[in-house]
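**Q** I'm passing along input-v9.txt; it holds compact mmCIF, C-alpha atoms.
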# COMPACT_ATOMS: atom_id res chain seq x y z
CA MET A 1 -23.51 -7.34 7.92
CA ARG A 2 -20.91 -8.59 5.50
CA PRO A 3 -22.37 -8.74 1.99
CA GLU A 4 -23.23 -12.13 0.54
CA PHE A 5 -20.91 -12.92 -2.31
CA ASP A 6 -20.81 -15.41 -5.16
CA CYS A 7 -17.29 -16.41 -6.13
CA THR A 8 -18.21 -18.77 -8.98
CA LEU A 9 -16.28 -16.80 -11.57
CA TYR A 10 -13.78 -14.56 -9.83
CA VAL A 11 -11.91 -12.49 -12.40
CA CYS A 12 -8.60 -10.79 -11.55
CA THR A 13 -7.28 -7.92 -13.62
CA ASP A 14 -3.84 -7.69 -15.15
CA ARG A 15 -2.89 -4.52 -16.95
CA LYS A 16 -0.09 -6.22 -18.85
CA LEU A 17 -2.12 -9.18 -20.08
CA MET A 18 -5.49 -7.62 -20.84
CA SER A 19 -6.73 -7.62 -24.41
CA SER A 20 -8.77 -4.41 -23.94
CA ALA A 21 -7.59 -0.84 -23.93
CA SER A 22 -8.50 -0.26 -20.29
CA VAL A 23 -8.98 -2.19 -17.07
CA GLU A 24 -12.57 -0.92 -16.91
CA GLU A 25 -13.37 -2.21 -20.39
CA SER A 26 -11.88 -5.62 -19.61
CA VAL A 27 -13.85 -5.87 -16.42
CA GLU A 28 -17.11 -4.74 -17.94
CA ALA A 29 -16.75 -7.40 -20.66
CA ALA A 30 -15.98 -10.05 -18.04
CA ILE A 31 -19.04 -9.06 -16.02
CA ARG A 32 -21.24 -9.21 -19.11
CA GLY A 33 -19.88 -12.71 -19.66
CA GLY A 34 -20.85 -13.75 -16.14
CA ALA A 35 -18.03 -12.78 -13.76
CA THR A 36 -19.46 -12.78 -10.24
CA MET A 37 -16.60 -11.03 -8.47
CA ILE A 38 -13.73 -8.78 -9.58
CA GLN A 39 -10.30 -8.35 -8.09
CA LEU A 40 -8.18 -5.34 -9.00
CA ARG A 41 -4.55 -6.36 -8.90
CA ASP A 42 -1.96 -3.82 -9.96
CA LYS A 43 1.42 -4.56 -8.50
CA ASP A 44 3.49 -2.55 -10.93
CA VAL A 45 1.83 0.84 -10.92
CA THR A 46 2.18 3.73 -8.50
CA GLY A 47 -0.19 4.07 -5.56
CA ARG A 48 -1.85 7.02 -7.25
CA GLU A 49 -2.49 5.11 -10.47
CA PHE A 50 -3.80 2.12 -8.50
CA TYR A 51 -6.11 4.43 -6.57
CA GLU A 52 -7.36 6.17 -9.70
CA THR A 53 -7.99 2.86 -11.46
CA ALA A 54 -9.87 1.63 -8.40
CA VAL A 55 -12.07 4.75 -8.42
CA ARG A 56 -12.99 4.17 -12.07
CA LEU A 57 -13.43 0.43 -11.66
CA LYS A 58 -15.74 0.83 -8.69
CA GLN A 59 -18.13 2.80 -10.92
CA VAL A 60 -18.29 -0.18 -13.30
CA THR A 61 -18.73 -2.89 -10.66
CA ALA A 62 -21.28 -0.83 -8.73
CA ARG A 63 -23.39 -0.45 -11.86
CA TYR A 64 -23.58 -4.25 -12.13
CA HIS A 65 -23.75 -4.89 -8.36
CA ILE A 66 -20.66 -7.05 -8.51
CA PRO A 67 -18.27 -7.02 -5.53
CA LEU A 68 -14.94 -5.29 -6.14
CA ILE A 69 -12.02 -6.72 -4.21
CA ILE A 70 -8.73 -4.79 -4.00
CA ASN A 71 -5.48 -6.72 -3.91
CA ASP A 72 -3.17 -5.89 -1.00
CA ARG A 73 -3.95 -2.19 -0.43
CA VAL A 74 -6.49 -1.94 2.37
CA ASP A 75 -6.31 1.86 2.26
CA ILE A 76 -7.27 1.97 -1.40
CA ALA A 77 -10.13 -0.46 -0.77
CA MET A 78 -11.38 1.85 1.99
CA ALA A 79 -10.88 5.00 -0.07
CA VAL A 80 -13.02 3.72 -2.96
CA ASP A 81 -15.48 1.84 -0.73
CA ALA A 82 -14.66 -1.47 -2.41
CA GLU A 83 -16.43 -4.53 -1.07
CA GLY A 84 -13.21 -6.06 0.21
CA VAL A 85 -9.55 -6.87 -0.03
CA HIS A 86 -7.50 -9.86 -1.03
CA LEU A 87 -4.33 -10.48 0.94
CA GLY A 88 -1.40 -12.66 -0.05
CA GLN A 89 0.91 -14.29 2.46
CA LYS A 90 3.30 -11.35 2.00
CA ASP A 91 0.66 -8.69 2.59
CA MET A 92 -0.61 -7.20 5.84
CA PRO A 93 -2.13 -9.88 8.12
CA ALA A 94 -5.88 -10.41 7.76
CA SER A 95 -6.37 -9.63 11.46
CA ALA A 96 -4.89 -6.14 10.99
CA ALA A 97 -6.98 -5.61 7.86
CA ARG A 98 -10.13 -6.68 9.71
CA LYS A 99 -9.55 -4.02 12.38
CA LEU A 100 -9.38 -1.37 9.69
CA LEU A 101 -12.23 -2.65 7.53
CA GLY A 102 -14.69 -3.70 10.21
CA GLU A 103 -17.21 -6.49 9.84
CA ASP A 104 -18.96 -5.28 6.69
CA LYS A 105 -16.15 -5.93 4.22
CA ILE A 106 -14.93 -9.13 2.59
CA ILE A 107 -11.40 -10.34 3.29
CA GLY A 108 -9.88 -13.04 1.12
CA VAL A 109 -6.56 -14.70 1.84
CA SER A 110 -4.22 -16.65 -0.44
CA ALA A 111 -3.18 -20.02 0.93
CA ALA A 112 -1.21 -22.94 -0.43
CA LYS A 113 -0.82 -25.02 2.74
CA VAL A 114 -3.10 -26.32 5.48
CA GLU A 115 -1.21 -24.24 8.10
CA GLU A 116 -1.80 -21.08 6.10
CA VAL A 117 -5.48 -21.96 5.91
CA LYS A 118 -5.71 -22.44 9.67
CA LEU A 119 -4.08 -19.07 10.29
CA ALA A 120 -6.33 -17.37 7.73
CA LEU A 121 -9.40 -18.81 9.45
CA GLU A 122 -8.18 -17.67 12.87
CA GLU A 123 -7.53 -14.21 11.48
CA GLY A 124 -11.06 -13.95 10.14
CA ALA A 125 -10.79 -14.60 6.38
CA ASP A 126 -14.11 -14.72 4.51
CA TYR A 127 -12.85 -16.80 1.62
CA LEU A 128 -9.65 -18.51 0.51
CA GLY A 129 -7.78 -18.29 -2.77
CA VAL A 130 -5.99 -21.62 -3.04
CA GLY A 131 -3.23 -22.26 -5.56
CA ALA A 132 -1.36 -22.18 -7.73
CA MET A 133 -3.17 -25.25 -9.04
CA TYR A 134 -1.31 -25.34 -12.34
CA GLY A 135 1.62 -23.52 -13.92
CA THR A 136 0.81 -19.93 -14.77
CA SER A 137 2.27 -17.10 -16.78
CA THR A 138 1.03 -14.36 -14.45
CA LYS A 139 2.93 -15.31 -11.32
CA THR A 140 6.46 -16.55 -11.12
CA ASP A 141 6.86 -17.18 -7.41
CA THR A 142 3.99 -19.60 -7.02
CA ARG A 143 4.03 -22.78 -5.00
CA SER A 144 1.89 -25.47 -6.53
CA VAL A 145 -0.93 -27.17 -4.67
CA SER A 146 -1.79 -30.82 -5.24
CA ILE A 147 -5.35 -32.13 -5.49
CA GLU A 148 -4.73 -33.97 -2.17
CA THR A 149 -3.79 -30.73 -0.41
CA LEU A 150 -6.80 -29.02 -1.95
CA ALA A 151 -9.06 -31.77 -0.59
CA GLN A 152 -7.47 -31.40 2.87
CA ILE A 153 -7.98 -27.63 2.74
CA ARG A 154 -11.61 -28.12 1.70
CA GLN A 155 -12.12 -30.33 4.78
CA GLU A 156 -10.44 -27.81 7.05
CA ALA A 157 -12.32 -24.71 5.91
CA GLU A 158 -16.04 -24.03 5.95
CA ILE A 159 -15.67 -20.72 4.13
CA PRO A 160 -15.80 -20.41 0.32
CA ILE A 161 -12.74 -21.51 -1.63
CA VAL A 162 -11.69 -20.37 -5.07
CA VAL A 163 -8.89 -22.11 -6.87
CA ILE A 164 -6.35 -20.02 -8.72
CA GLY A 165 -3.32 -20.50 -10.95
CA GLY A 166 -3.51 -21.80 -14.48
CA ILE A 167 -7.27 -22.39 -14.42
CA GLY A 168 -8.69 -22.55 -17.95
CA LYS A 169 -10.98 -24.41 -20.31
CA ASP A 170 -9.01 -27.63 -20.00
CA ASN A 171 -9.26 -27.99 -16.25
CA ALA A 172 -12.10 -25.81 -14.96
CA MET A 173 -14.36 -28.90 -14.83
CA ASN A 174 -12.18 -30.55 -12.18
CA PHE A 175 -13.13 -28.51 -9.13
CA ARG A 176 -16.82 -28.36 -8.50
CA LYS A 177 -16.96 -32.05 -7.60
CA LEU A 178 -14.34 -31.34 -4.93
CA GLY A 179 -16.65 -28.83 -3.31
CA ILE A 180 -14.73 -25.81 -4.56
CA ASN A 181 -16.94 -22.71 -4.80
CA GLY A 182 -15.36 -20.94 -7.71
CA ILE A 183 -12.47 -20.37 -10.04
CA ALA A 184 -10.23 -17.34 -9.93
CA VAL A 185 -8.84 -16.52 -13.33
CA VAL A 186 -6.61 -13.95 -14.92
CA SER A 187 -5.34 -14.64 -18.41
CA SER A 188 -7.97 -17.21 -19.43
CA VAL A 189 -10.50 -14.37 -19.30
CA ILE A 190 -8.70 -11.01 -19.36
CA ALA A 191 -6.16 -11.92 -22.07
CA GLN A 192 -8.65 -13.50 -24.50
CA PRO A 193 -9.66 -11.70 -27.69
CA ASP A 194 -13.34 -11.95 -26.69
CA ILE A 195 -13.36 -11.47 -22.92
CA GLU A 196 -17.14 -11.74 -22.59
CA ALA A 197 -17.32 -15.04 -24.49
CA ALA A 198 -14.31 -16.45 -22.64
CA ALA A 199 -15.90 -15.64 -19.28
CA ALA A 200 -19.22 -17.21 -20.27
CA GLU A 201 -17.61 -20.37 -21.59
CA LEU A 202 -15.36 -20.83 -18.58
CA LYS A 203 -18.24 -20.39 -16.18
CA GLN A 204 -20.26 -23.06 -18.00
CA ILE A 205 -17.33 -25.43 -17.90
CA PHE A 206 -16.79 -24.89 -14.18
CA LEU A 207 -20.48 -25.41 -13.49
CA GLY A 208 -20.49 -28.55 -15.66
CA ARG A 209 -23.26 -27.32 -17.88
CA GLU A 210 -23.53 -27.66 -21.62
CA ALA A 211 -22.56 -24.45 -23.38
CA VAL A 212 -25.66 -22.55 -24.58
CA MET B 1 -7.02 17.77 17.49
CA ARG B 2 -4.08 17.11 15.27
CA PRO B 3 -0.93 16.70 17.40
CA GLU B 4 1.60 19.51 17.46
CA PHE B 5 4.77 18.44 15.75
CA ASP B 6 8.31 19.68 15.53
CA CYS B 7 9.97 18.91 12.21
CA THR B 8 13.38 20.44 12.98
CA LEU B 9 15.23 17.18 12.44
CA TYR B 10 13.05 14.83 10.44
CA VAL B 11 14.84 11.50 9.97
CA CYS B 12 13.78 9.03 7.27
CA THR B 13 14.74 5.40 7.44
CA ASP B 14 16.43 3.42 4.71
CA ARG B 15 17.00 -0.26 5.24
CA LYS B 16 19.70 -0.44 2.58
CA LEU B 17 21.72 2.54 3.81
CA MET B 18 21.47 2.20 7.56
CA SER B 19 24.61 1.55 9.57
CA SER B 20 22.76 -0.33 12.35
CA ALA B 21 21.52 -3.87 12.37
CA SER B 22 17.86 -2.91 12.55
CA VAL B 23 15.58 -0.04 11.62
CA GLU B 24 14.57 0.28 15.29
CA GLU B 25 18.19 0.63 16.43
CA SER B 26 18.89 3.26 13.79
CA VAL B 27 15.83 5.22 14.78
CA GLU B 28 16.48 5.00 18.50
CA ALA B 29 20.01 6.33 17.96
CA ALA B 30 18.68 9.16 15.78
CA ILE B 31 16.12 10.10 18.44
CA ARG B 32 18.78 10.10 21.15
CA GLY B 33 20.76 12.46 18.91
CA GLY B 34 17.81 14.83 18.66
CA ALA B 35 15.56 13.65 15.81
CA THR B 36 12.17 15.29 16.32
CA MET B 37 10.18 13.24 13.82
CA ILE B 38 10.66 9.85 12.16
CA GLN B 39 9.49 8.63 8.79
CA LEU B 40 9.43 4.93 8.00
CA ARG B 41 10.10 4.48 4.32
CA ASP B 42 10.42 0.96 2.98
CA LYS B 43 9.71 0.79 -0.73
CA ASP B 44 11.42 -2.52 -1.42
CA VAL B 45 9.93 -4.84 1.18
CA THR B 46 6.65 -6.74 1.20
CA GLY B 47 3.57 -5.23 2.79
CA ARG B 48 3.85 -7.70 5.64
CA GLU B 49 7.46 -6.79 6.40
CA PHE B 50 6.62 -3.09 6.18
CA TYR B 51 3.73 -3.62 8.59
CA GLU B 52 5.82 -5.65 11.02
CA THR B 53 8.62 -3.07 10.97
CA ALA B 54 6.07 -0.33 11.60
CA VAL B 55 4.68 -2.24 14.60
CA ARG B 56 8.15 -2.51 16.14
CA LEU B 57 9.15 1.05 15.27
CA LYS B 58 6.01 2.49 16.82
CA GLN B 59 7.06 0.99 20.15
CA VAL B 60 10.36 2.91 19.93
CA THR B 61 8.90 6.25 18.85
CA ALA B 62 6.08 6.03 21.41
CA ARG B 63 8.60 5.53 24.21
CA TYR B 64 10.25 8.83 23.24
CA HIS B 65 7.00 10.61 22.31
CA ILE B 66 8.29 11.28 18.81
CA PRO B 67 5.77 11.28 15.92
CA LEU B 68 6.04 8.32 13.56
CA ILE B 69 5.12 9.07 9.96
CA ILE B 70 4.56 6.20 7.51
CA ASN B 71 5.55 6.68 3.88
CA ASP B 72 2.81 6.00 1.34
CA ARG B 73 0.81 3.25 3.08
CA VAL B 74 -2.14 4.86 4.83
CA ASP B 75 -3.44 1.44 5.87
CA ILE B 76 -0.22 0.56 7.66
CA ALA B 77 -0.20 3.97 9.39
CA MET B 78 -3.74 3.28 10.61
CA ALA B 79 -2.98 -0.30 11.62
CA VAL B 80 -0.07 0.73 13.88
CA ASP B 81 -1.67 3.99 15.03
CA ALA B 82 1.19 6.04 13.64
CA GLU B 83 0.92 9.80 13.99
CA GLY B 84 0.67 10.33 10.25
CA VAL B 85 1.59 9.57 6.66
CA HIS B 86 3.86 11.09 4.08
CA LEU B 87 2.61 11.05 0.50
CA GLY B 88 4.65 11.53 -2.65
CA GLN B 89 3.22 12.88 -5.87
CA LYS B 90 2.80 9.27 -7.03
CA ASP B 91 0.95 8.12 -3.92
CA MET B 92 -2.73 8.32 -3.03
CA PRO B 93 -3.99 11.94 -3.03
CA ALA B 94 -3.86 13.70 0.35
CA SER B 95 -7.60 14.37 0.18
CA ALA B 96 -8.32 10.61 0.01
CA ALA B 97 -5.88 9.96 2.85
CA ARG B 98 -7.52 12.66 4.97
CA LYS B 99 -10.91 10.96 4.64
CA LEU B 100 -9.40 7.74 5.96
CA LEU B 101 -7.24 9.26 8.69
CA GLY B 102 -9.56 11.94 10.00
CA GLU B 103 -8.47 15.22 11.51
CA ASP B 104 -6.21 13.85 14.23
CA LYS B 105 -3.39 12.58 12.03
CA ILE B 106 -0.54 14.40 10.30
CA ILE B 107 -0.37 14.33 6.50
CA GLY B 108 2.81 15.43 4.77
CA VAL B 109 3.14 15.84 1.02
CA SER B 110 6.21 15.96 -1.20
CA ALA B 111 6.32 18.93 -3.54
CA ALA B 112 8.86 20.30 -5.96
CA LYS B 113 6.77 22.95 -7.71
CA VAL B 114 4.51 25.81 -6.67
CA GLU B 115 1.52 24.11 -8.36
CA GLU B 116 2.11 20.95 -6.36
CA VAL B 117 2.22 23.05 -3.20
CA LYS B 118 -1.08 24.74 -4.04
CA LEU B 119 -2.74 21.38 -4.62
CA ALA B 120 -1.27 19.93 -1.41
CA LEU B 121 -2.63 22.90 0.55
CA GLU B 122 -6.08 22.49 -1.01
CA GLU B 123 -6.03 18.80 -0.19
CA GLY B 124 -5.27 19.50 3.46
CA ALA B 125 -1.55 18.78 3.88
CA ASP B 126 -0.13 19.57 7.34
CA TYR B 127 3.46 19.99 6.21
CA LEU B 128 5.45 19.93 2.98
CA GLY B 129 8.59 18.02 2.10
CA VAL B 130 10.28 20.15 -0.54
CA GLY B 131 13.12 18.86 -2.68
CA ALA B 132 15.30 17.40 -3.86
CA MET B 133 17.46 20.35 -2.88
CA TYR B 134 20.72 18.70 -3.86
CA GLY B 135 21.83 15.51 -5.58
CA THR B 136 21.16 12.42 -3.52
CA SER B 137 22.09 8.78 -3.47
CA THR B 138 18.76 7.60 -2.02
CA LYS B 139 16.43 8.69 -4.79
CA THR B 140 17.09 8.46 -8.47
CA ASP B 141 13.95 10.02 -9.93
CA THR B 142 14.22 13.34 -8.15
CA ARG B 143 13.58 16.73 -9.66
CA SER B 144 15.77 19.41 -8.20
CA VAL B 145 14.40 22.54 -6.57
CA SER B 146 16.18 25.88 -6.79
CA ILE B 147 16.53 28.28 -3.88
CA GLU B 148 14.25 30.69 -5.80
CA THR B 149 11.50 28.06 -6.07
CA LEU B 150 11.95 27.22 -2.39
CA ALA B 151 11.50 30.91 -1.49
CA GLN B 152 8.35 31.06 -3.65
CA ILE B 153 6.99 27.93 -1.97
CA ARG B 154 7.75 29.42 1.46
CA GLN B 155 5.70 32.50 0.51
CA GLU B 156 2.83 30.35 -0.77
CA ALA B 157 2.51 28.02 2.21
CA GLU B 158 1.84 28.85 5.83
CA ILE B 159 2.31 25.24 6.96
CA PRO B 160 5.69 23.85 8.07
CA ILE B 161 8.23 23.05 5.37
CA VAL B 162 11.07 20.58 5.57
CA VAL B 163 13.69 20.47 2.86
CA ILE B 164 14.88 17.10 1.63
CA GLY B 165 17.39 15.67 -0.79
CA GLY B 166 21.14 15.78 -0.20
CA ILE B 167 20.90 17.73 3.06
CA GLY B 168 24.06 17.32 5.15
CA LYS B 169 26.68 19.08 7.21
CA ASP B 170 27.83 21.23 4.31
CA ASN B 171 24.48 22.81 3.53
CA ALA B 172 22.18 22.38 6.54
CA MET B 173 22.96 25.97 7.62
CA ASN B 174 21.39 27.41 4.47
CA PHE B 175 17.72 26.94 5.26
CA ARG B 176 16.70 28.42 8.56
CA LYS B 177 17.25 31.96 7.30
CA LEU B 178 14.80 31.18 4.50
CA GLY B 179 12.10 30.37 7.04
CA ILE B 180 12.33 26.63 6.54
CA ASN B 181 11.15 24.70 9.60
CA GLY B 182 13.32 21.64 9.38
CA ILE B 183 15.57 19.32 7.45
CA ALA B 184 14.58 15.86 6.33
CA VAL B 185 17.53 13.55 6.10
CA VAL B 186 18.26 9.97 5.24
CA SER B 187 21.88 9.02 4.67
CA SER B 188 23.49 11.94 6.50
CA VAL B 189 22.04 10.45 9.70
CA ILE B 190 21.04 6.83 9.11
CA ALA B 191 24.13 5.82 7.12
CA GLN B 192 26.69 7.37 9.50
CA PRO B 193 28.87 5.20 11.75
CA ASP B 194 27.65 7.12 14.82
CA ILE B 195 24.00 7.89 14.10
CA GLU B 196 23.38 9.66 17.40
CA ALA B 197 26.36 12.02 16.97
CA ALA B 198 25.49 12.68 13.32
CA ALA B 199 21.93 13.62 14.26
CA ALA B 200 23.08 15.92 17.05
CA GLU B 201 25.67 17.66 14.88
CA LEU B 202 23.29 18.15 11.96
CA LYS B 203 20.60 19.62 14.19
CA GLN B 204 23.07 22.12 15.63
CA ILE B 205 24.20 23.12 12.15
CA PHE B 206 20.61 23.60 10.96
CA LEU B 207 19.80 25.68 14.04
CA GLY B 208 22.97 27.75 13.56
CA ARG B 209 24.26 26.99 17.02
CA GLU B 210 27.79 26.20 18.03
CA ALA B 211 28.29 22.49 18.56
CA VAL B 212 28.31 21.67 22.27
Kindly present the structure from the file in C-alpha cells form.
**A**
Amino acid sequence: MRPEFDCTLYVCTDRKLMSSASVEESVEAAIRGGATMIQLRDKDVTGREFYETAVRLKQVTARYHIPLIINDRVDIAMAVDAEGVHLGQKDMPASAARKLLGEDKIIGVSAAKVEEVKLALEEGADYLGVGAMYGTSTKTDTRSVSIETLAQIRQEAEIPIVVIGGIGKDNAMNFRKLGINGIAVVSSVIAQPDIEAAAAELKQIFLGREAV
Amino acid sequence: MRPEFDCTLYVCTDRKLMSSASVEESVEAAIRGGATMIQLRDKDVTGREFYETAVRLKQVTARYHIPLIINDRVDIAMAVDAEGVHLGQKDMPASAARKLLGEDKIIGVSAAKVEEVKLALEEGADYLGVGAMYGTSTKTDTRSVSIETLAQIRQEAEIPIVVIGGIGKDNAMNFRKLGINGIAVVSSVIAQPDIEAAAAELKQIFLGREAV
C-alpha cells in the first residue's frame, strides 16, 4: 500500500539558497516548524553527492516520520528507500518510474497545463505540483499558471495538488479556498534566517489560522 | 547469471560529436563495423530525452545482441532493460547500483588510480574503464593515466579492463600486449565520416591483425 501523505507544507531543498550550513540542518528545522513533506532537489551536484545527501537526509526524515521525495532521480530514491520521487515534465515519464518503484511509493508530477495534468493522471501520478504560480528566484524556465487554470486543474484531478512557485507569506492564504491541498515552498522557508519559525508561520497562513 | 560480454571494441556515444543524424544510426554503423559493446552517454540532455534515446537505442542493440550500457543513470538502465551501467567516480557508488540492479546486470566503473580500482573491485564492478590514457576532446576534467599505472591496475584486477581517453588509430596497438581487454572510444569512431569503416579499422589495429 502506498503510504498516506500530508502535503500541507511541502518543503523543497536548495543548496544554494539555504540559510543553514547543511541540507540536513535546513530540513530538520523545517520539520520542527511543521513541514509535512520534504523534497530533495539538487540539480547542480554530482550523482554521488546527490546520493550521499539523500542517504543523510533520509536519516533525518525517518526520525520524524516525514516522507522524503527525491527530485528526478528514481535510482537514488530507490537506493535510499525514499518514500517517492517528484518528476518534472523533462524527467523520466511517471509510467516508467512507476514500473521501477512499484505501488508502494509516491510519485509526484509537475504540471502547468490541463493536458499535462491529464497525462500525469493516466501515468499514475499520486499528487501534482502545479505552478509556477508567481515569479520565483529559484527557477528561471517556469511557465506561469493563472488562477483560472489552477481551478480547471483542480476540477480535473482528484489527487492532491500542491501549488509551487513564489509562494510566501503574502499569498499563501489564497489557495485553500480553491481546494488546494498544500503549498510547496523553497526560499520562503529554506532561505529564511529562522527556518523553523518561517515554516510555522507559512503553514498557519496557508491553513487560515491565527498565528499562535 | 550476469551475461558474458566482450569489450574488445566498446563504443561510447556523443550527441555533439557524432557524424550521423541520430544516436541510433551512429550506433548501428559502429556495430556493423564490429563494436562489441555500446555505452549511451548523454550528459547534456534532459532525463526524458536520455530515457527516450535509451528506449530507441535498446531496440538497435537488441537486434544485434550487443550489450547496451547506460552511463550514470541506473534508473534509466533499469527502465529500458539495458544490460548494465557505467559509473564514474562522481556517480552513485557501484555497491548502491548493484543493490538496485541485482546480479544479472553489468556494472562498469571508471578508475584512474590503483585505490579507485581496489574500491571498484570491493564494490562489485564487472569491468573497469581506465583512463584517460591520452588527451581527449570529449572530456575536459580527465586525469591522465601512465602506462606504469595501467600495468599496476592490470596486476591488481582480474576483471576485464578497457582503456579510454584519446584512443585512436595511432595508439590502439599499444594495449593488447599489456593484457588490456578492449578499447573504449568516442570520437575515433562516432565522429568519423564513415563510422562503420572506422570501427572496423580500429578493431583490427587493437587486435594487431592486418586490415582485411
**Q** For a quick check of understanding, using only C-alpha atoms, which of A:Val163, A:Ala35, A:Met78, A:Ala54 has the smallest distance to chain B?
**A**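 Among the listed residues, the smallest separation from chain B belongs to A:Met78.
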**Q** If I take atom CA of Leu100 of chain A and atom CA of Phe50 of chain B, how far is one from the other in Å, to one decimal?
**A**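 We find that atom CA of Leu100 of chain A and atom CA of Phe50 of chain B lie 16.5 Å from each other.
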**Q** Around the point (-20.5, -17.1, -7.0) (coordinates from the file), which residues reach within 8 Å if we count only C-alpha atoms? Answer as a list of chain:residue names.
**A**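 Answer for this query, in the requested form: A:Phe5, A:Asp6, A:Cys7, A:Thr8, A:Leu9, A:Tyr10, A:Thr36, A:Met37, A:Asn181, A:Gly182.
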**Q** List every residue of chain B that has an atom at most 6 Å from any atom of chain A, giving for each one its closest atom pair and the distance in Å to one decimal, counting only C-alpha atoms, sorted by chain and then by ascending residue number, as CSV.
**A**
residue,atom,partner,partner_atom,distance
B:Thr46,CA,A:Lys90,CA,5.8
B:Gly47,CA,A:Asp91,CA,4.5
B:Arg48,CA,A:Met92,CA,4.5
B:Val74,CA,A:Asp75,CA,5.7
B:Asp75,CA,A:Asp75,CA,4.6
B:Lys90,CA,A:Arg48,CA,5.2
B:Asp91,CA,A:Arg48,CA,4.5
B:Met92,CA,A:Arg48,CA,4.5
**Q** Can you tell me which residues surround Glu28 of chain A at a distance of at most 9 Å, considering only C-alpha atoms, apart from same-chain residues fewer than 4 positions away, and format the answer as a list in words?
**A**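 The residues satisfying every condition are Val23, Glu24, Arg32, Gly33, Leu57, Val60, Thr61, Tyr64 and Glu196 of chain A.
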**Q** Tell me, in Å to one decimal, how far atom CA of Ile164 of chain A is from atom CA of Asp104 of chain A.
**A** 24.8 Å
**Q** Could you list, as a compact mmCIF listing (two decimals) with C-alpha atoms, keeping the file's coordinate frame, every residue within 10 Å of Asp170 of chain A, counting only C-alpha atoms and ignoring same-chain residues fewer than 4 positions away?
**A**
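As written to disk, part.txt reads:
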# COMPACT_ATOMS: atom_id res chain seq x y z
CA GLY A 166 -3.51 -21.80 -14.48
CA ASN A 174 -12.18 -30.55 -12.18
CA LEU A 202 -15.36 -20.83 -18.58
CA ILE A 205 -17.33 -25.43 -17.90
**Q** Can you tell me which residues surround segment 114-125 of chain B at a distance of at most 9 Å, considering all atoms listed in the file, apart from same-chain residues fewer than 5 positions away, and format the answer as a CSV table (one decimal) with C-alpha atoms, in the frame of the given file?
**A**
chain,number,residue,atom,x,y,z
B,89,GLN,CA,3.2,12.9,-5.9
B,93,PRO,CA,-4.0,11.9,-3.0
B,94,ALA,CA,-3.9,13.7,0.4
B,95,SER,CA,-7.6,14.4,0.2
B,96,ALA,CA,-8.3,10.6,0.0
B,98,ARG,CA,-7.5,12.7,5.0
B,106,ILE,CA,-0.5,14.4,10.3
B,107,ILE,CA,-0.4,14.3,6.5
B,108,GLY,CA,2.8,15.4,4.8
B,109,VAL,CA,3.1,15.8,1.0
B,130,VAL,CA,10.3,20.2,-0.5
B,149,THR,CA,11.5,28.1,-6.1
B,150,LEU,CA,12.0,27.2,-2.4
B,152,GLN,CA,8.4,31.1,-3.6
B,153,ILE,CA,7.0,27.9,-2.0
B,156,GLU,CA,2.8,30.4,-0.8
B,157,ALA,CA,2.5,28.0,2.2
B,159,ILE,CA,2.3,25.2,7.0
**Q** Work out how far atom CA of Leu40 of chain A is from atom CA of Lys105 of chain A, in Å to one decimal.
**A**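 A separation of 15.4 Å between them.
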**Q** Have a look at B:Ile190, B:Glu4, B:Val85, B:Ala30 and name the one nearest to Lys203 of chain B; count all atoms listed in the file.
**A**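 Result for the nearest residue to Lys203 of chain B: B:Ala30.
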**Q** Take the point (14.7, 29.3, 3.4) in the file's coordinates, draw a sphere of radius 8 Å around it, and report as number ranges by chain every protein, DNA or RNA residue with an atom inside or on it, counting all atoms listed in the file.
**A** B: 147, 150-151, 154, 174-180
**Q** Print the selection's residues with C-alpha atoms to a file, as a tab-separated table (two decimals), in the frame of the given file.
**A**
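part_33.tsv written:
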chain	number	residue	atom	x	y	z
B	147	ILE	CA	16.53	28.28	-3.88
B	150	LEU	CA	11.95	27.22	-2.39
B	151	ALA	CA	11.50	30.91	-1.49
B	154	ARG	CA	7.75	29.42	1.46
B	174	ASN	CA	21.39	27.41	4.47
B	175	PHE	CA	17.72	26.94	5.26
B	176	ARG	CA	16.70	28.42	8.56
B	177	LYS	CA	17.25	31.96	7.30
B	178	LEU	CA	14.80	31.18	4.50
B	179	GLY	CA	12.10	30.37	7.04
B	180	ILE	CA	12.33	26.63	6.54
